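Take a look at the structure below.
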Amino acid sequence: MTRRHLAALVVAAAVPMGLASLDATPAAVRGLLDGRPDAVVDLDTREGLQVVRGEWRVQESRGVPVKAGAADFDDSFWEIAPAGSLQRRRTDGGQSYAWYRLSFTMPATVGTFDTTGATVAFEIVVDDYAEVWVDGRLPRRLGQAGGALVAGFNTPNRLVVTRNATPGQEVRLAVFAANGPLSDPPANKIWVRSATLDFYKAPAPAGTPVEVDRADAGIDRVVPPGTRLEHLAAGFSFTEGPVWVPAEHALLFSDPNDNRIYRWSDDDGVSIFRAKSGYSGFDIGEYHQPGSNGLTLDAQGRLVIDEHGNRRVTRLEKNGDLTILADRYHGKRLNSPNDLVYRSDGALYFTDPFFGLPAFEKDRRAEQDHAGIYRLGPDGRLTLLSTELKGPNGIAFSPDERVLYVSNWDEKKKVIMQWDVQPDGTLANGRTFADMTSAPGEEALDGLKVDRDGNVFVSGPGGLWVWSADGRHLGTVRLPELAANMAWGDDDGRSLYLTARTGLYRLRLVTPGIRPPLARGTY
């Protein structure tokens, strides 16, 4: 990135964006579950339970509670809680617990609403805390507050039961209730303030048609006419480095200016996933972009992070520990790892320009005399592959992994380079794949991704450039903001999520993209 460009970003970074400002952004930020449902079933009424053919059962517990969340747990000996009885006070106060279990059948209609294909959310408010199991699972992730886990004191727990309702579908819910605060057990008892099923009709195609500068007729097979751009979230300082997490049906992305990793999903909108994502040093005020940048997943689905300020590549373990994967080459600290991609053999390739350092290559903290492209082998050995580019940035493999592409952020050399990947993982035969140097403007090349047909997508001057596998410029997608990076997401891999300055966007395309090579069965 140019110095002028990053200097302008400092102004935006000076105004921190917290959750309060997120509340002021478009409705998409808040997520599906905050909107008004199209139909509601009250699960504490006779009519509601009849519609879903449901029955509540309840069991009070003292001391260590029984594990009753399993789908096949035998609750036949538990008390039946008839309609209207959920608000009955249970236990004798103090440190106490209760389980509520409900089995129900998805109705074909709720009133006049056809449930087929609907998204169905379960909401319950327990006095005082609740955790919710769905079909024997307690979905959870690091940093989670709400959903299936404790949301807060007398706060609604809301979570999706299904995104594609099928009449006749059997669902089993188990709600674990606890009296709180746990460190100051109250004298009151446990009861359910409310419990509902909220139904949302399948959304109509969203967004607005994108403008595409057609350079070749082949663009219509990649970005067909009528493709729509969705604006999912706004209000950030500078969005970067997205990765789709299939296990959570959610996107993680960085804001390196605000030093955070955010999480977004259709259901929940935006939340902070990780604060201080790249740096917490005394001199953080000198940095334009101290936070994390590129994100990816390893074969086990663990998050791997390029940390600008800490000048390293790390892995977030399932238990929340952070493992340093690479921070030095030949004993000297890296510059500021920018983007990264795994090969299916377990090797991690990443770019390391100077952009994360306050004064770039002239910064007093710089220890390397080059911007580099590196390979971290499965054995932990770090190899410098190339120093040919001044600003190595986006990085991706061809579908067969025989070619590595790297984009260059250098206004004097706006190129995508490609190399042949050798049997030992090193690179050979470096050559220019695409040259955009003559394109007007100071913007150079940023994020880069490849689809399964080998088409190359790169953020460049004026928008998202699309190149065929044989190097033909197919066209350029014009965007409201210049995309910094991209990630393929959703279940079918056909959605291209774009982190673009202050906003998050989505394009639904024809061909699925190349995503992190996860262990079999993860996608």
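So you can find residues: chains in the structure tokens are A, B, ... in the order shown, residues in each start at 1, and ligands are numbered from 1 in order.
The residue set within 7 Å of segment 355-368 of chain A, counting only C-alpha atoms and dropping same-chain residues fewer than 3 places from it, reads A:Met1, A:Glu286, A:Tyr287, A:His288, A:Gln289, A:Pro290, A:His308, A:Gly309, A:Lys332, A:Arg333, A:Leu334, A:Asn335, A:Ser336.
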Quiz item: Near Gly471 of chain A, within 9 Å and counting only C-alpha atoms, which residues show up once chain neighbours fewer than 3 positions away are dropped, as a PyMOL selection string?
Solution: chain A and resi 433-434+455-456+467-468+474
Exercise. Have a look at A:Ala148, A:Ala108, A:Ala195, A:Ile219 and name the one nearest to Arg472 of chain A; count only C-alpha atoms.
Key: A:Ile219
With a distance cut-off of 8 Å and only C-alpha atoms, select the neighbouring residues of Leu182 of chain A, excluding the residue or stretch itself and same-chain residues fewer than 3 positions from it, and output the selection as a compact mmCIF listing (two decimals) with N, CA and C atoms, in the first residue's frame.
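And here is the file that came out, selection.txt:
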# COMPACT_ATOMS: atom_id res chain seq x y z
N GLN A 95 -27.96 -22.11 45.30
CA GLN A 95 -27.26 -22.71 44.17
C GLN A 95 -28.03 -23.92 43.70
N ASN A 179 -29.49 -21.06 38.67
CA ASN A 179 -29.77 -19.88 39.46
C ASN A 179 -28.50 -19.06 39.59
N PRO A 185 -25.32 -16.71 45.14
CA PRO A 185 -26.60 -17.39 44.89
C PRO A 185 -27.77 -16.67 45.53
Each residue of segment 470-501 of chain A with at least one atom at most 12 Å from segment 438-453 of chain A should appear once, together with its nearest atom pair and the corresponding distance in Å (one decimal); atoms considered: only C-alpha atoms; ordering: chain, then increasing residue number; output as a tab-separated table.
residue	atom	partner	partner_atom	distance
A:Asp470	CA	A:Asp453	CA	10.8
A:Thr476	CA	A:Ala439	CA	11.7
A:Leu482	CA	A:Glu443	CA	9.0
A:Ala483	CA	A:Gly447	CA	7.7
A:Ala484	CA	A:Gly447	CA	5.6
A:Asn485	CA	A:Gly447	CA	4.0
A:Met486	CA	A:Gly447	CA	6.3
A:Ala487	CA	A:Lys449	CA	7.2
A:Trp488	CA	A:Lys449	CA	8.3
A:Gly489	CA	A:Asp451	CA	11.6
A:Asp492	CA	A:Arg452	CA	12.0
A:Gly493	CA	A:Asp451	CA	9.3
A:Arg494	CA	A:Asp451	CA	8.9
A:Ser495	CA	A:Asp451	CA	10.8
A:Leu496	CA	A:Lys449	CA	9.3
A:Tyr497	CA	A:Lys449	CA	10.8
A:Leu498	CA	A:Gly447	CA	9.5
A:Thr499	CA	A:Gly447	CA	9.4
A:Ala500	CA	A:Gly447	CA	10.4
A:Arg501	CA	A:Asp446	CA	11.9
Exercise. List every residue of segment 236-423 of chain A that DSSP, applied to the backbone of this structure, places in strand (DSSP E or B), and write the result as JSON, numbers by chain.
Key: {"A": [239, 240, 241, 242, 243, 244, 245, 250, 251, 252, 253, 254, 255, 260, 261, 262, 263, 264, 265, 269, 270, 271, 272, 273, 274, 275, 292, 293, 294, 295, 296, 297, 303, 304, 305, 306, 307, 312, 313, 314, 315, 316, 322, 323, 324, 325, 326, 328, 329, 332, 333, 340, 341, 342, 348, 349, 350, 351, 352, 372, 373, 374, 375, 376, 382, 383, 384, 385, 386, 392, 393, 394, 395, 396, 397, 403, 404, 405, 406, 407, 408, 415, 416, 417, 418, 419, 420, 421]}
Those residues you just picked out, can you put them in a file as a PDB file, in the first residue's frame with C-alpha atoms?
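Just written: again-v1.pdb:
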ATOM      1  CA  THR A 239     -11.553  -4.767   6.796  1.00  0.00           C
ATOM      2  CA  GLU A 240      -9.095  -7.450   5.708  1.00  0.00           C
ATOM      3  CA  GLY A 241      -8.114 -11.112   5.638  1.00  0.00           C
ATOM      4  CA  PRO A 242     -11.443 -13.020   5.697  1.00  0.00           C
ATOM      5  CA  VAL A 243     -11.873 -16.773   6.083  1.00  0.00           C
ATOM      6  CA  TRP A 244     -15.045 -18.864   6.103  1.00  0.00           C
ATOM      7  CA  VAL A 245     -15.450 -21.235   9.074  1.00  0.00           C
ATOM      8  CA  ALA A 250     -19.681 -17.885   9.870  1.00  0.00           C
ATOM      9  CA  LEU A 251     -17.013 -15.561   8.487  1.00  0.00           C
ATOM     10  CA  LEU A 252     -14.026 -14.301  10.459  1.00  0.00           C
ATOM     11  CA  PHE A 253     -12.235 -11.188   9.238  1.00  0.00           C
ATOM     12  CA  SER A 254      -9.641  -8.721  10.489  1.00  0.00           C
ATOM     13  CA  ASP A 255      -9.667  -5.003  11.069  1.00  0.00           C
ATOM     14  CA  ARG A 260      -9.564  -6.859  16.126  1.00  0.00           C
ATOM     15  CA  ILE A 261     -10.906  -9.990  14.506  1.00  0.00           C
ATOM     16  CA  TYR A 262     -14.643  -9.881  13.900  1.00  0.00           C
ATOM     17  CA  ARG A 263     -17.133 -12.682  13.372  1.00  0.00           C
ATOM     18  CA  TRP A 264     -20.135 -12.363  11.050  1.00  0.00           C
ATOM     19  CA  SER A 265     -22.983 -14.741  10.258  1.00  0.00           C
ATOM     20  CA  GLY A 269     -24.619 -10.348  12.469  1.00  0.00           C
ATOM     21  CA  VAL A 270     -21.314  -8.950  13.736  1.00  0.00           C
ATOM     22  CA  SER A 271     -19.523  -9.594  17.010  1.00  0.00           C
ATOM     23  CA  ILE A 272     -15.948  -9.206  18.235  1.00  0.00           C
ATOM     24  CA  PHE A 273     -14.176 -12.551  17.998  1.00  0.00           C
ATOM     25  CA  ARG A 274     -10.739 -11.523  19.226  1.00  0.00           C
ATOM     26  CA  ALA A 275      -9.543  -8.204  20.665  1.00  0.00           C
ATOM     27  CA  SER A 292      -4.132  -9.080  12.464  1.00  0.00           C
ATOM     28  CA  ASN A 293      -4.363  -9.235   8.679  1.00  0.00           C
ATOM     29  CA  GLY A 294      -4.643 -12.516   6.763  1.00  0.00           C
ATOM     30  CA  LEU A 295      -6.580 -15.414   8.285  1.00  0.00           C
ATOM     31  CA  THR A 296      -6.910 -19.037   7.220  1.00  0.00           C
ATOM     32  CA  LEU A 297      -7.722 -22.477   8.634  1.00  0.00           C
ATOM     33  CA  LEU A 303      -7.527 -20.441  12.938  1.00  0.00           C
ATOM     34  CA  VAL A 304      -4.108 -19.319  11.663  1.00  0.00           C
ATOM     35  CA  ILE A 305      -3.372 -15.600  11.947  1.00  0.00           C
ATOM     36  CA  ASP A 306      -0.954 -13.128  10.373  1.00  0.00           C
ATOM     37  CA  GLU A 307      -0.208 -10.635  13.172  1.00  0.00           C
ATOM     38  CA  ARG A 312       4.487 -13.319  13.365  1.00  0.00           C
ATOM     39  CA  VAL A 313       2.200 -16.136  12.221  1.00  0.00           C
ATOM     40  CA  THR A 314       0.226 -17.820  14.988  1.00  0.00           C
ATOM     41  CA  ARG A 315      -2.339 -20.574  15.425  1.00  0.00           C
ATOM     42  CA  LEU A 316      -5.309 -20.350  17.768  1.00  0.00           C
ATOM     43  CA  LEU A 322      -1.898 -19.324  20.945  1.00  0.00           C
ATOM     44  CA  THR A 323       0.935 -21.177  19.238  1.00  0.00           C
ATOM     45  CA  ILE A 324       3.657 -19.239  17.402  1.00  0.00           C
ATOM     46  CA  LEU A 325       4.273 -20.891  14.027  1.00  0.00           C
ATOM     47  CA  ALA A 326       6.788 -18.417  12.578  1.00  0.00           C
ATOM     48  CA  ARG A 328      11.924 -15.172  12.708  1.00  0.00           C
ATOM     49  CA  TYR A 329      13.996 -16.055   9.701  1.00  0.00           C
ATOM     50  CA  LYS A 332      15.833 -11.941  12.603  1.00  0.00           C
ATOM     51  CA  ARG A 333      12.219 -10.911  13.112  1.00  0.00           C
ATOM     52  CA  LEU A 340      -1.351 -16.834   3.805  1.00  0.00           C
ATOM     53  CA  VAL A 341      -2.569 -20.064   2.222  1.00  0.00           C
ATOM     54  CA  TYR A 342      -2.215 -23.767   3.035  1.00  0.00           C
ATOM     55  CA  LEU A 348       1.851 -22.937   4.826  1.00  0.00           C
ATOM     56  CA  TYR A 349       2.847 -20.231   2.323  1.00  0.00           C
ATOM     57  CA  PHE A 350       2.724 -16.574   3.354  1.00  0.00           C
ATOM     58  CA  THR A 351       3.766 -13.105   2.210  1.00  0.00           C
ATOM     59  CA  ASP A 352       5.814 -10.769   4.411  1.00  0.00           C
ATOM     60  CA  GLY A 372       9.612 -12.047   1.145  1.00  0.00           C
ATOM     61  CA  ILE A 373       7.469 -15.022   0.254  1.00  0.00           C
ATOM     62  CA  TYR A 374       7.918 -17.900   2.679  1.00  0.00           C
ATOM     63  CA  ARG A 375       7.050 -21.559   3.075  1.00  0.00           C
ATOM     64  CA  LEU A 376       6.551 -23.081   6.510  1.00  0.00           C
ATOM     65  CA  LEU A 382      10.808 -21.884   7.410  1.00  0.00           C
ATOM     66  CA  THR A 383      12.134 -21.374   3.877  1.00  0.00           C
ATOM     67  CA  LEU A 384      12.493 -18.074   2.011  1.00  0.00           C
ATOM     68  CA  LEU A 385      11.126 -18.685  -1.482  1.00  0.00           C
ATOM     69  CA  SER A 386      11.387 -15.310  -3.229  1.00  0.00           C
ATOM     70  CA  PRO A 392       4.087  -9.271  -1.956  1.00  0.00           C
ATOM     71  CA  ASN A 393       0.484  -9.340  -0.836  1.00  0.00           C
ATOM     72  CA  GLY A 394      -2.319 -11.741  -1.805  1.00  0.00           C
ATOM     73  CA  ILE A 395      -1.398 -15.391  -2.275  1.00  0.00           C
ATOM     74  CA  ALA A 396      -3.260 -18.423  -3.687  1.00  0.00           C
ATOM     75  CA  PHE A 397      -2.725 -21.743  -5.470  1.00  0.00           C
ATOM     76  CA  VAL A 403       1.188 -22.970  -9.545  1.00  0.00           C
ATOM     77  CA  LEU A 404       1.440 -20.310  -6.844  1.00  0.00           C
ATOM     78  CA  TYR A 405       0.075 -16.814  -7.545  1.00  0.00           C
ATOM     79  CA  VAL A 406       1.147 -13.698  -5.604  1.00  0.00           C
ATOM     80  CA  SER A 407      -0.130 -10.165  -6.149  1.00  0.00           C
ATOM     81  CA  ASN A 408       2.145  -7.154  -5.743  1.00  0.00           C
ATOM     82  CA  VAL A 415       1.455  -7.427 -11.376  1.00  0.00           C
ATOM     83  CA  ILE A 416       0.365 -10.909 -10.424  1.00  0.00           C
ATOM     84  CA  MET A 417       3.354 -13.220 -10.441  1.00  0.00           C
ATOM     85  CA  GLN A 418       3.168 -16.991 -10.830  1.00  0.00           C
ATOM     86  CA  TRP A 419       5.670 -19.718 -10.006  1.00  0.00           C
ATOM     87  CA  ASP A 420       5.796 -23.447 -10.596  1.00  0.00           C
ATOM     88  CA  VAL A 421       5.722 -25.368  -7.318  1.00  0.00           C
TER      89      VAL A 421
END
